[in-house]
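J.: Sharing query_24.cif (mmCIF, C-alpha atoms and all ligand atoms; chains and numbers go by the auth columns) below.
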data_target
#
loop_
_atom_site.group_PDB
_atom_site.id
_atom_site.type_symbol
_atom_site.label_atom_id
_atom_site.label_comp_id
_atom_site.label_asym_id
_atom_site.label_seq_id
_atom_site.Cartn_x
_atom_site.Cartn_y
_atom_site.Cartn_z
_atom_site.B_iso_or_equiv
_atom_site.auth_seq_id
_atom_site.auth_asym_id
ATOM 1 C CA MET A 1 55.969 -117.416 27.984 0.00 1 A
ATOM 2 C CA LYS A 2 57.183 -113.937 28.920 0.00 2 A
ATOM 3 C CA ASP A 3 55.002 -112.072 26.475 0.00 3 A
ATOM 4 C CA ASP A 4 56.786 -108.754 26.628 0.00 4 A
ATOM 5 C CA ALA A 5 60.356 -109.993 27.089 0.00 5 A
ATOM 6 C CA PRO A 6 62.719 -107.510 25.473 0.00 6 A
ATOM 7 C CA ARG A 7 65.477 -110.053 25.063 0.00 7 A
ATOM 8 C CA PHE A 8 65.894 -113.702 24.229 0.00 8 A
ATOM 9 C CA LEU A 9 68.211 -116.627 24.825 0.00 9 A
ATOM 10 C CA GLY A 10 67.642 -119.903 23.047 0.00 10 A
ATOM 11 C CA SER A 11 69.161 -123.026 21.661 0.00 11 A
ATOM 12 C CA ASN A 12 68.562 -125.367 18.767 0.00 12 A
ATOM 13 C CA LEU A 13 69.451 -128.841 20.017 0.00 13 A
ATOM 14 C CA LYS A 14 69.610 -130.219 16.474 0.00 14 A
ATOM 15 C CA MET A 15 70.100 -134.027 16.593 0.00 15 A
ATOM 16 C CA ALA A 16 72.682 -133.665 19.332 0.00 16 A
ATOM 17 C CA ASN A 17 71.100 -134.121 22.735 0.00 17 A
ATOM 18 C CA GLY A 18 69.490 -137.431 23.606 0.00 18 A
ATOM 19 C CA ARG A 19 66.643 -137.677 26.083 0.00 19 A
ATOM 20 C CA GLU A 20 68.622 -137.451 29.311 0.00 20 A
ATOM 21 C CA ALA A 21 70.794 -134.599 28.069 0.00 21 A
ATOM 22 C CA THR A 22 67.757 -132.701 26.793 0.00 22 A
ATOM 23 C CA MET A 23 65.880 -132.986 30.085 0.00 23 A
ATOM 24 C CA ALA A 24 68.930 -132.044 32.150 0.00 24 A
ATOM 25 C CA LEU A 25 69.425 -128.962 30.002 0.00 25 A
ATOM 26 C CA LEU A 26 65.785 -127.978 30.370 0.00 26 A
ATOM 27 C CA ASP A 27 65.917 -128.363 34.159 0.00 27 A
ATOM 28 C CA THR A 28 68.767 -125.869 34.168 0.00 28 A
ATOM 29 C CA ALA A 29 66.901 -123.567 31.790 0.00 29 A
ATOM 30 C CA VAL A 30 63.855 -123.529 34.074 0.00 30 A
ATOM 31 C CA GLU A 31 66.040 -122.559 37.028 0.00 31 A
ATOM 32 C CA LEU A 32 67.855 -119.829 35.119 0.00 32 A
ATOM 33 C CA SER A 33 64.676 -118.489 33.567 0.00 33 A
ATOM 34 C CA ALA A 34 63.062 -117.909 36.960 0.00 34 A
ATOM 35 C CA THR A 35 65.466 -115.063 37.721 0.00 35 A
ATOM 36 C CA ASP A 36 66.180 -113.797 34.219 0.00 36 A
ATOM 37 C CA GLU A 37 64.180 -111.197 32.301 0.00 37 A
ATOM 38 C CA ARG A 38 64.868 -112.936 28.994 0.00 38 A
ATOM 39 C CA GLN A 39 62.599 -115.244 27.086 0.00 39 A
ATOM 40 C CA PHE A 40 64.266 -118.653 26.956 0.00 40 A
ATOM 41 C CA PHE A 41 63.429 -120.987 24.099 0.00 41 A
ATOM 42 C CA PHE A 42 64.583 -124.448 23.052 0.00 42 A
ATOM 43 C CA PHE A 43 64.093 -126.595 19.995 0.00 43 A
ATOM 44 C CA PRO A 44 64.715 -130.196 21.037 0.00 44 A
ATOM 45 C CA SER A 45 64.567 -133.164 18.710 0.00 45 A
ATOM 46 C CA MET A 46 61.000 -133.782 17.523 0.00 46 A
ATOM 47 C CA VAL A 47 60.820 -137.023 19.444 0.00 47 A
ATOM 48 C CA PHE A 48 61.328 -135.196 22.762 0.00 48 A
ATOM 49 C CA VAL A 49 59.072 -132.187 22.183 0.00 49 A
ATOM 50 C CA ALA A 50 56.101 -133.549 24.148 0.00 50 A
ATOM 51 C CA GLU A 51 58.234 -134.600 27.108 0.00 51 A
ATOM 52 C CA ALA A 52 60.109 -131.307 26.988 0.00 52 A
ATOM 53 C CA VAL A 53 56.824 -129.403 27.222 0.00 53 A
ATOM 54 C CA ASP A 54 55.916 -131.388 30.353 0.00 54 A
ATOM 55 C CA ARG A 55 59.391 -130.909 31.774 0.00 55 A
ATOM 56 C CA VAL A 56 59.210 -127.092 31.660 0.00 56 A
ATOM 57 C CA ALA A 57 55.530 -126.908 32.715 0.00 57 A
ATOM 58 C CA GLY A 58 54.894 -124.045 35.092 0.00 58 A
ATOM 59 C CA SER A 59 57.897 -122.050 33.830 0.00 59 A
ATOM 60 C CA ASP A 60 58.223 -119.390 31.128 0.00 60 A
ATOM 61 C CA VAL A 61 60.512 -121.513 28.970 0.00 61 A
ATOM 62 C CA VAL A 62 59.227 -121.941 25.423 0.00 62 A
ATOM 63 C CA ILE A 63 59.554 -125.322 23.712 0.00 63 A
ATOM 64 C CA GLY A 64 59.390 -125.480 19.946 0.00 64 A
ATOM 65 C CA ALA A 65 59.989 -127.931 17.117 0.00 65 A
ATOM 66 C CA GLN A 66 62.793 -127.796 14.541 0.00 66 A
ATOM 67 C CA GLY A 67 60.239 -127.612 11.733 0.00 67 A
ATOM 68 C CA CYS A 68 56.847 -128.997 10.772 0.00 68 A
ATOM 69 C CA SER A 69 55.032 -130.329 7.742 0.00 69 A
ATOM 70 C CA VAL A 70 53.861 -127.971 5.028 0.00 70 A
ATOM 71 C CA HIS A 71 50.664 -130.044 4.973 0.00 71 A
ATOM 72 C CA HIS A 72 47.726 -129.841 7.311 0.00 72 A
ATOM 73 C CA SER A 73 47.251 -133.578 7.802 0.00 73 A
ATOM 74 C CA GLY A 74 46.890 -136.810 5.898 0.00 74 A
ATOM 75 C CA ALA A 75 49.022 -139.381 4.158 0.00 75 A
ATOM 76 C CA PHE A 76 52.471 -137.829 4.622 0.00 76 A
ATOM 77 C CA THR A 77 54.657 -140.546 6.045 0.00 77 A
ATOM 78 C CA GLY A 78 57.315 -139.381 8.433 0.00 78 A
ATOM 79 C CA GLU A 79 55.965 -135.860 8.822 0.00 79 A
ATOM 80 C CA VAL A 80 54.655 -134.024 11.867 0.00 80 A
ATOM 81 C CA SER A 81 51.943 -131.426 11.497 0.00 81 A
ATOM 82 C CA ALA A 82 51.694 -128.091 13.243 0.00 82 A
ATOM 83 C CA SER A 83 48.419 -129.210 14.787 0.00 83 A
ATOM 84 C CA MET A 84 50.137 -132.251 16.322 0.00 84 A
ATOM 85 C CA LEU A 85 52.772 -129.973 17.789 0.00 85 A
ATOM 86 C CA ALA A 86 50.094 -127.684 19.205 0.00 86 A
ATOM 87 C CA GLU A 87 48.322 -130.736 20.585 0.00 87 A
ATOM 88 C CA VAL A 88 51.359 -131.724 22.683 0.00 88 A
ATOM 89 C CA GLY A 89 51.791 -128.171 23.920 0.00 89 A
ATOM 90 C CA ALA A 90 54.639 -126.872 21.761 0.00 90 A
ATOM 91 C CA GLN A 91 54.586 -123.102 21.538 0.00 91 A
ATOM 92 C CA ALA A 92 56.890 -122.455 18.616 0.00 92 A
ATOM 93 C CA VAL A 93 58.348 -123.769 15.382 0.00 93 A
ATOM 94 C CA MET A 94 61.735 -122.906 13.915 0.00 94 A
ATOM 95 C CA VAL A 95 61.904 -122.616 10.127 0.00 95 A
ATOM 96 C CA GLY A 96 64.636 -121.662 7.699 0.00 96 A
ATOM 97 C CA HIS A 97 67.612 -123.144 9.497 0.00 97 A
ATOM 98 C CA TYR A 98 70.677 -123.624 7.302 0.00 98 A
ATOM 99 C CA GLU A 99 70.805 -127.340 8.053 0.00 99 A
ATOM 100 C CA ARG A 100 67.236 -127.650 6.693 0.00 100 A
ATOM 101 C CA VAL A 101 68.424 -125.816 3.567 0.00 101 A
ATOM 102 C CA LEU A 102 71.187 -128.430 3.291 0.00 102 A
ATOM 103 C CA ALA A 103 68.501 -131.099 3.660 0.00 103 A
ATOM 104 C CA GLY A 104 66.836 -129.688 0.537 0.00 104 A
ATOM 105 C CA GLU A 105 64.166 -127.378 1.934 0.00 105 A
ATOM 106 C CA SER A 106 63.460 -124.056 0.243 0.00 106 A
ATOM 107 C CA LEU A 107 62.250 -120.649 1.307 0.00 107 A
ATOM 108 C CA ASP A 108 58.894 -121.567 -0.165 0.00 108 A
ATOM 109 C CA SER A 109 58.689 -124.604 2.109 0.00 109 A
ATOM 110 C CA PHE A 110 59.747 -122.546 5.139 0.00 110 A
ATOM 111 C CA VAL A 111 57.011 -120.019 4.471 0.00 111 A
ATOM 112 C CA LYS A 112 54.439 -122.804 4.165 0.00 112 A
ATOM 113 C CA GLN A 113 55.620 -124.313 7.447 0.00 113 A
ATOM 114 C CA ALA A 114 55.393 -120.887 9.055 0.00 114 A
ATOM 115 C CA ARG A 115 51.868 -120.528 7.758 0.00 115 A
ATOM 116 C CA ARG A 116 50.816 -123.912 9.130 0.00 116 A
ATOM 117 C CA ALA A 117 52.409 -123.035 12.473 0.00 117 A
ATOM 118 C CA GLY A 118 50.677 -119.651 12.596 0.00 118 A
ATOM 119 C CA GLU A 119 47.313 -121.223 11.856 0.00 119 A
ATOM 120 C CA MET A 120 47.784 -123.378 14.951 0.00 120 A
ATOM 121 C CA GLY A 121 48.756 -120.446 17.144 0.00 121 A
ATOM 122 C CA LEU A 122 52.421 -121.445 17.264 0.00 122 A
ATOM 123 C CA ARG A 123 55.124 -118.780 17.249 0.00 123 A
ATOM 124 C CA VAL A 124 57.565 -118.826 14.367 0.00 124 A
ATOM 125 C CA LEU A 125 61.292 -118.317 14.681 0.00 125 A
ATOM 126 C CA PHE A 126 62.503 -117.627 11.142 0.00 126 A
ATOM 127 C CA CYS A 127 66.222 -118.152 10.415 0.00 127 A
ATOM 128 C CA LEU A 128 67.874 -116.120 7.687 0.00 128 A
ATOM 129 C CA GLY A 129 71.467 -115.902 6.615 0.00 129 A
ATOM 130 C CA GLU A 130 73.860 -115.595 3.717 0.00 130 A
ATOM 131 C CA GLN A 131 75.792 -118.512 2.271 0.00 131 A
ATOM 132 C CA SER A 132 79.128 -116.728 2.188 0.00 132 A
ATOM 133 C CA LYS A 133 80.320 -113.462 3.682 0.00 133 A
ATOM 134 C CA ALA A 134 78.743 -110.354 2.180 0.00 134 A
ATOM 135 C CA GLN A 135 81.128 -108.062 0.282 0.00 135 A
ATOM 136 C CA ASP A 136 79.605 -105.068 2.003 0.00 136 A
ATOM 137 C CA PRO A 137 78.301 -105.923 5.471 0.00 137 A
ATOM 138 C CA HIS A 138 76.401 -102.619 5.584 0.00 138 A
ATOM 139 C CA ASP A 139 74.177 -103.911 2.825 0.00 139 A
ATOM 140 C CA ALA A 140 71.477 -106.452 3.717 0.00 140 A
ATOM 141 C CA THR A 141 69.713 -106.476 0.350 0.00 141 A
ATOM 142 C CA ASP A 142 70.089 -110.257 0.113 0.00 142 A
ATOM 143 C CA LEU A 143 68.399 -110.865 3.463 0.00 143 A
ATOM 144 C CA LEU A 144 65.724 -108.278 2.726 0.00 144 A
ATOM 145 C CA ARG A 145 64.909 -110.009 -0.545 0.00 145 A
ATOM 146 C CA ASP A 146 63.966 -113.049 1.512 0.00 146 A
ATOM 147 C CA ILE A 147 62.015 -110.807 3.879 0.00 147 A
ATOM 148 C CA GLU A 148 60.094 -109.391 0.890 0.00 148 A
ATOM 149 C CA PHE A 149 59.060 -112.901 -0.070 0.00 149 A
ATOM 150 C CA ILE A 150 58.228 -113.927 3.489 0.00 150 A
ATOM 151 C CA SER A 151 56.188 -110.807 4.225 0.00 151 A
ATOM 152 C CA ALA A 152 54.204 -111.161 1.014 0.00 152 A
ATOM 153 C CA GLU A 153 53.285 -114.727 1.964 0.00 153 A
ATOM 154 C CA LEU A 154 52.643 -114.426 5.688 0.00 154 A
ATOM 155 C CA HIS A 155 49.781 -112.469 7.235 0.00 155 A
ATOM 156 C CA THR A 156 51.590 -112.026 10.508 0.00 156 A
ATOM 157 C CA PRO A 157 55.292 -111.384 10.983 0.00 157 A
ATOM 158 C CA PRO A 158 57.421 -114.043 12.663 0.00 158 A
ATOM 159 C CA TRP A 159 57.787 -114.036 16.437 0.00 159 A
ATOM 160 C CA VAL A 160 61.567 -113.731 16.131 0.00 160 A
ATOM 161 C CA ILE A 161 64.023 -113.530 13.237 0.00 161 A
ATOM 162 C CA ALA A 162 67.322 -115.319 13.773 0.00 162 A
ATOM 163 C CA TYR A 163 70.147 -113.853 11.731 0.00 163 A
ATOM 164 C CA GLU A 164 72.394 -116.858 11.199 0.00 164 A
ATOM 165 C CA PRO A 165 75.109 -116.470 8.566 0.00 165 A
ATOM 166 C CA HIS A 166 75.456 -119.934 7.038 0.00 166 A
ATOM 167 C CA TRP A 167 79.218 -119.713 6.977 0.00 167 A
ATOM 168 C CA ALA A 168 79.296 -119.269 10.766 0.00 168 A
ATOM 169 C CA ILE A 169 77.094 -122.239 11.699 0.00 169 A
ATOM 170 C CA GLY A 170 78.229 -125.459 13.293 0.00 170 A
ATOM 171 C CA GLU A 171 81.584 -127.032 14.034 0.00 171 A
ATOM 172 C CA HIS A 172 82.853 -126.323 10.515 0.00 172 A
ATOM 173 C CA GLY A 173 81.654 -122.746 10.673 0.00 173 A
ATOM 174 C CA GLN A 174 83.939 -119.736 10.968 0.00 174 A
ATOM 175 C CA ARG A 175 83.840 -117.595 14.054 0.00 175 A
ATOM 176 C CA PRO A 176 81.999 -114.362 13.290 0.00 176 A
ATOM 177 C CA GLN A 177 83.641 -110.969 13.565 0.00 177 A
ATOM 178 C CA THR A 178 81.704 -108.642 15.835 0.00 178 A
ATOM 179 C CA SER A 179 82.021 -105.680 13.466 0.00 179 A
ATOM 180 C CA TYR A 180 80.664 -107.707 10.541 0.00 180 A
ATOM 181 C CA VAL A 181 77.700 -109.008 12.550 0.00 181 A
ATOM 182 C CA LYS A 182 77.021 -105.509 13.872 0.00 182 A
ATOM 183 C CA SER A 183 76.828 -104.016 10.374 0.00 183 A
ATOM 184 C CA ARG A 184 74.680 -106.814 9.011 0.00 184 A
ATOM 185 C CA LEU A 185 72.287 -106.622 11.947 0.00 185 A
ATOM 186 C CA GLU A 186 71.981 -102.842 11.635 0.00 186 A
ATOM 187 C CA ALA A 187 71.248 -103.084 7.929 0.00 187 A
ATOM 188 C CA LEU A 188 68.722 -105.854 8.507 0.00 188 A
ATOM 189 C CA ARG A 189 67.068 -103.907 11.330 0.00 189 A
ATOM 190 C CA ASN A 190 66.726 -100.787 9.159 0.00 190 A
ATOM 191 C CA GLY A 191 65.268 -102.815 6.327 0.00 191 A
ATOM 192 C CA LEU A 192 62.764 -104.505 8.612 0.00 192 A
ATOM 193 C CA ASN A 193 61.737 -101.175 10.101 0.00 193 A
ATOM 194 C CA GLU A 194 61.179 -99.683 6.651 0.00 194 A
ATOM 195 C CA ARG A 195 58.860 -102.593 5.949 0.00 195 A
ATOM 196 C CA GLY A 196 56.901 -102.021 9.165 0.00 196 A
ATOM 197 C CA TRP A 197 58.414 -104.952 11.050 0.00 197 A
ATOM 198 C CA ASN A 198 59.789 -102.674 13.769 0.00 198 A
ATOM 199 C CA SER A 199 58.579 -104.886 16.553 0.00 199 A
ATOM 200 C CA VAL A 200 60.060 -108.140 15.247 0.00 200 A
ATOM 201 C CA PRO A 201 63.107 -108.915 17.372 0.00 201 A
ATOM 202 C CA ILE A 202 66.290 -110.208 15.758 0.00 202 A
ATOM 203 C CA VAL A 203 68.562 -112.639 17.549 0.00 203 A
ATOM 204 C CA TYR A 204 72.030 -113.670 16.423 0.00 204 A
ATOM 205 C CA GLY A 205 73.172 -117.268 15.918 0.00 205 A
ATOM 206 C CA GLY A 206 76.246 -118.995 14.514 0.00 206 A
ATOM 207 C CA SER A 207 79.312 -120.103 16.519 0.00 207 A
ATOM 208 C CA VAL A 208 78.293 -118.263 19.661 0.00 208 A
ATOM 209 C CA ASP A 209 80.348 -119.371 22.666 0.00 209 A
ATOM 210 C CA THR A 210 81.740 -118.041 25.910 0.00 210 A
ATOM 211 C CA GLY A 211 84.491 -116.293 23.975 0.00 211 A
ATOM 212 C CA ASN A 212 82.193 -114.045 21.945 0.00 212 A
ATOM 213 C CA ALA A 213 78.764 -114.081 23.637 0.00 213 A
ATOM 214 C CA LEU A 214 79.458 -110.935 25.581 0.00 214 A
ATOM 215 C CA SER A 215 80.270 -108.896 22.481 0.00 215 A
ATOM 216 C CA LEU A 216 77.583 -110.406 20.228 0.00 216 A
ATOM 217 C CA ASP A 217 74.649 -110.314 22.651 0.00 217 A
ATOM 218 C CA PRO A 218 74.225 -106.515 22.801 0.00 218 A
ATOM 219 C CA LEU A 219 74.146 -106.278 18.989 0.00 219 A
ATOM 220 C CA ALA A 220 70.769 -107.989 18.783 0.00 220 A
ATOM 221 C CA SER A 221 67.783 -108.850 20.963 0.00 221 A
ATOM 222 C CA GLY A 222 69.685 -111.851 22.163 0.00 222 A
ATOM 223 C CA LEU A 223 71.449 -115.024 21.170 0.00 223 A
ATOM 224 C CA PHE A 224 70.497 -118.255 19.470 0.00 224 A
ATOM 225 C CA VAL A 225 73.163 -120.711 20.516 0.00 225 A
ATOM 226 C CA GLY A 226 74.032 -124.179 19.279 0.00 226 A
ATOM 227 C CA ARG A 227 76.893 -126.309 20.557 0.00 227 A
ATOM 228 C CA ALA A 228 77.949 -123.986 23.365 0.00 228 A
ATOM 229 C CA ALA A 229 74.559 -124.235 25.114 0.00 229 A
ATOM 230 C CA TRP A 230 73.888 -127.957 24.895 0.00 230 A
ATOM 231 C CA THR A 231 75.104 -128.764 28.407 0.00 231 A
ATOM 232 C CA PRO A 232 73.794 -127.301 31.679 0.00 232 A
ATOM 233 C CA GLU A 233 77.264 -125.859 32.314 0.00 233 A
ATOM 234 C CA GLY A 234 77.496 -124.314 28.858 0.00 234 A
ATOM 235 C CA LEU A 235 74.039 -122.787 29.031 0.00 235 A
ATOM 236 C CA THR A 236 74.675 -121.435 32.510 0.00 236 A
ATOM 237 C CA ALA A 237 77.968 -119.866 31.457 0.00 237 A
ATOM 238 C CA ILE A 238 76.470 -118.108 28.414 0.00 238 A
ATOM 239 C CA CYS A 239 73.425 -117.081 30.421 0.00 239 A
ATOM 240 C CA GLU A 240 75.360 -115.635 33.337 0.00 240 A
ATOM 241 C CA MET A 241 77.869 -113.754 31.238 0.00 241 A
ATOM 242 C CA THR A 242 75.158 -112.048 29.179 0.00 242 A
ATOM 243 C CA GLN A 243 72.695 -111.425 31.984 0.00 243 A
ATOM 244 C CA ARG A 244 71.990 -107.749 32.486 0.00 244 A
ATOM 245 C CA LYS A 245 71.639 -106.765 36.075 0.00 245 A
ATOM 246 C CA GLU A 246 69.440 -103.729 35.453 0.00 246 A
ATOM 247 C CA LYS A 247 69.142 -102.811 39.099 0.00 247 A
ATOM 248 C CA GLU A 248 72.859 -102.672 39.882 0.00 248 A
HETATM 249 P P1 LIG B . 76.354 -123.278 16.506 0.00 1 B
HETATM 250 O O1 LIG B . 74.903 -123.499 15.915 0.00 1 B
HETATM 251 O O2 LIG B . 76.232 -122.267 17.629 0.00 1 B
HETATM 252 O O3 LIG B . 76.773 -124.617 17.002 0.00 1 B
HETATM 253 O O4 LIG B . 77.196 -122.740 15.395 0.00 1 B
HETATM 254 C C1 LIG B . 74.077 -122.393 15.715 0.00 1 B
HETATM 255 C C2 LIG B . 72.835 -122.781 14.998 0.00 1 B
HETATM 256 O O5 LIG B . 72.884 -123.676 14.148 0.00 1 B
HETATM 257 O O6 LIG B . 71.786 -122.197 15.253 0.00 1 B
#
Can you dump the structure from the file as structure tokens?
Ligand code: PGA
T.:
Amino acid sequence: MKDDAPRFLGSNLKMANGREATMALLDTAVELSATDERQFFFFPSMVFVAEAVDRVAGSDVVIGAQGCSVHHSGAFTGEVSASMLAEVGAQAVMVGHYERVLAGESLDSFVKQARRAGEMGLRVLFCLGEQSKAQDPHDATDLLRDIEFISAELHTPPWVIAYEPHWAIGEHGQRPQTSYVKSRLEALRNGLNERGWNSVPIVYGGSVDTGNALSLDPLASGLFVGRAAWTPEGLTAICEMTQRKEKE
């Protein structure tokens, strides 16, 4: 992990990449990460987390899970605890993703998962986003209401907040307008700062691709990409186009 990385580039692999595709993507990520100042992070399918951790061993690439149980341990069929994730070397857990909301999870459950993850020393990437476009993009009251709840429940702030407007996510999502995302991110940033979360980075996610990565990346502390970063070629393209060559 690059502990003081100012910027991030990551991908949620959802239930898309199988084993071979996941490992090939991670091999590329390890190569790219070696010469990139950014913190790379990936959330593969739960079943590949342990192998993914081994695959990136010796690099700075962070492997996380797409969620965890709200329970510590015990008779919870089908669930995976934060301690099990820590045991196999995962470093992070993503909570709050829109597709988990669609699966019936609530903010309360996300906060509990975040708490379990934090107790095990795992970093938490917390996704937040509005269902439909905000009337006034300069106003982030809706997102900050969630932040109020999260901050009251968690002792430590999340590692990263991913601003992911629900309407922009996935193949049925709408492409985001840069000006809209810019306003929302600014309003969210101000709100977080007022609440003392100045140091929590925000990344943007939702229909990021090679057509908009260059304009969206500078608006936040980086990008959280889905479909467009699931292949080595896709990841490389997004990575290279958004790489800042500080010394040039
Ligand atoms: P997408 O997914 O880039 O494919 O829209 C983003 C996400 O769900 O995080």
J.: Would you mind listing the residues within 10 Å of ligand LIG 1 (chain B), counting only C-alpha atoms and all ligand atoms, as an MDAnalysis selection string?
T.: chainID A and resid 10:14 97:99 127 162:176 204:209 223:230
J.: Pull out every residue that the PyMOL selection byres (((chain A and resi 115) around 12) and not hetatm) matches in the shown coordinates and put them as number ranges by chain.
T.: A: 67-72, 81-83, 93-95, 108-114, 116-126, 150-158
J.: Choose the residue, out of A:Gly129, A:Glu148, A:Leu143, A:Pro44, that has the smallest atom-to-atom separation from A:Arg189; count all atoms listed in the file.
T.: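 Answer, going by the shortest atom-to-atom distance: A:Leu143.
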J.: List as a PDB file with C-alpha atoms, in the coordinates of the input: which residues have an atom within 10 Å of (81.7, -114.2, 23.0), counting all atoms listed in the file?
T.:
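The result, written out as out19.pdb:
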ATOM      1  CA  ARG A 175      83.840-117.595  14.054  1.00  0.00           C
ATOM      2  CA  PRO A 176      81.999-114.362  13.290  1.00  0.00           C
ATOM      3  CA  THR A 178      81.704-108.642  15.835  1.00  0.00           C
ATOM      4  CA  SER A 207      79.312-120.103  16.519  1.00  0.00           C
ATOM      5  CA  VAL A 208      78.293-118.263  19.661  1.00  0.00           C
ATOM      6  CA  ASP A 209      80.348-119.371  22.666  1.00  0.00           C
ATOM      7  CA  THR A 210      81.740-118.041  25.910  1.00  0.00           C
ATOM      8  CA  GLY A 211      84.491-116.293  23.975  1.00  0.00           C
ATOM      9  CA  ASN A 212      82.193-114.045  21.945  1.00  0.00           C
ATOM     10  CA  ALA A 213      78.764-114.081  23.637  1.00  0.00           C
ATOM     11  CA  LEU A 214      79.458-110.935  25.581  1.00  0.00           C
ATOM     12  CA  SER A 215      80.270-108.896  22.481  1.00  0.00           C
ATOM     13  CA  LEU A 216      77.583-110.406  20.228  1.00  0.00           C
ATOM     14  CA  ASP A 217      74.649-110.314  22.651  1.00  0.00           C
ATOM     15  CA  ILE A 238      76.470-118.108  28.414  1.00  0.00           C
ATOM     16  CA  MET A 241      77.869-113.754  31.238  1.00  0.00           C
ATOM     17  CA  THR A 242      75.158-112.048  29.179  1.00  0.00           C
TER      18      THR A 242
END
J.: Just the residues within 10 Å of A:Thr22, please, counting only C-alpha atoms, with nothing from its chain fewer than 2 positions along; format it as a list in words.
T.: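 The filter keeps Leu13, Ala16, Asn17, Gly18, Arg19, Glu20, Ala24, Leu25, Leu26, Asp27, Phe42, Phe43, Pro44, Ser45, Phe48, Val49, Glu51, Ala52, Arg55, Trp230, Thr231 and Pro232 of chain A.
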J.: Of the candidates A:Glu240, A:Ala134, A:Met84, A:Val160, which shows the shortest atom-to-atom distance to A:Gly96, using all atoms listed in the file?
T.: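 Selected residue with least distance to A:Gly96: A:Val160.
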J.: Skip A:Glu37 itself and residues of its chain fewer than 2 positions away, then list as a PyMOL selection string all residues within 10 Å of it, counting all atoms listed in the file.
T.: chain A and resi 2+4-8+32-35+39-40+243-246
J.: What does the distance between atom CA of A:Leu144 and atom CA of A:Ile202 come to in Å, to one decimal place?
T.: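 A separation of 13.2 Å between them.
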J.: Have a look at atom CA of A:Val53 and atom CA of A:Val88 and let me know their distance in Å, one decimal.
T.: 7.5 Å
J.: Run through the PyMOL selection byres (((chain A and resi 141) around 12) and not hetatm) on the given coordinates and return the selected residues as a list in words.
T.: Gly129, Glu130, Ala134, Gln135, Asp136, Pro137, His138, Asp139, Ala140, Asp142, Leu143, Leu144, Arg145, Asp146, Ile147, Glu148, Arg184, Leu185, Ala187, Leu188, Arg189, Asn190, Gly191 and Leu192 of chain A
J.: Between A:Glu31, A:Lys182, A:Gln66, A:Ser73, single out the one closest to A:Val203, counting all atoms listed in the file.
T.: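 Ranked by minimum distance to A:Val203, first place goes to A:Lys182.
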J.: What box, with edges along x, y and z, holds each listed atom of stretch 81-90 of chain A when 5 Å is added on every side, and can you state its centre and edge lengths in Å to one decimal, as lines of an AutoDock Vina configuration file?
T.:
center_x = 51.5
center_y = -129.6
center_z = 17.7
size_x = 16.3
size_y = 15.4
size_z = 22.4
J.: To one decimal in Å, tell me the separation between atom CA of A:Val62 and atom CA of A:Ser183.
T.: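 Taking atom CA of A:Val62 as the start and atom CA of A:Ser183 as the end point, the length is 29.3 Å.
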J.: Tell me which residues the PyMOL selection byres (((chain A and resi 91) around 6) and not hetatm) grabs here, as a PDB file with C-alpha atoms, keeping the file's coordinate frame.
T.:
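Here's the written file part-v5.pdb:
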ATOM      1  CA  ILE A  63      59.554-125.322  23.712  1.00  0.00           C
ATOM      2  CA  GLY A  64      59.390-125.480  19.946  1.00  0.00           C
ATOM      3  CA  ALA A  90      54.639-126.872  21.761  1.00  0.00           C
ATOM      4  CA  ALA A  92      56.890-122.455  18.616  1.00  0.00           C
ATOM      5  CA  LEU A 122      52.421-121.445  17.264  1.00  0.00           C
TER       6      LEU A 122
END
J.: Would you please work out which residue, of A:Leu85, A:Cys239, A:Ala103, A:Ala29, is nearest to A:Ala57 when using all atoms listed in the file?
T.: A:Ala29
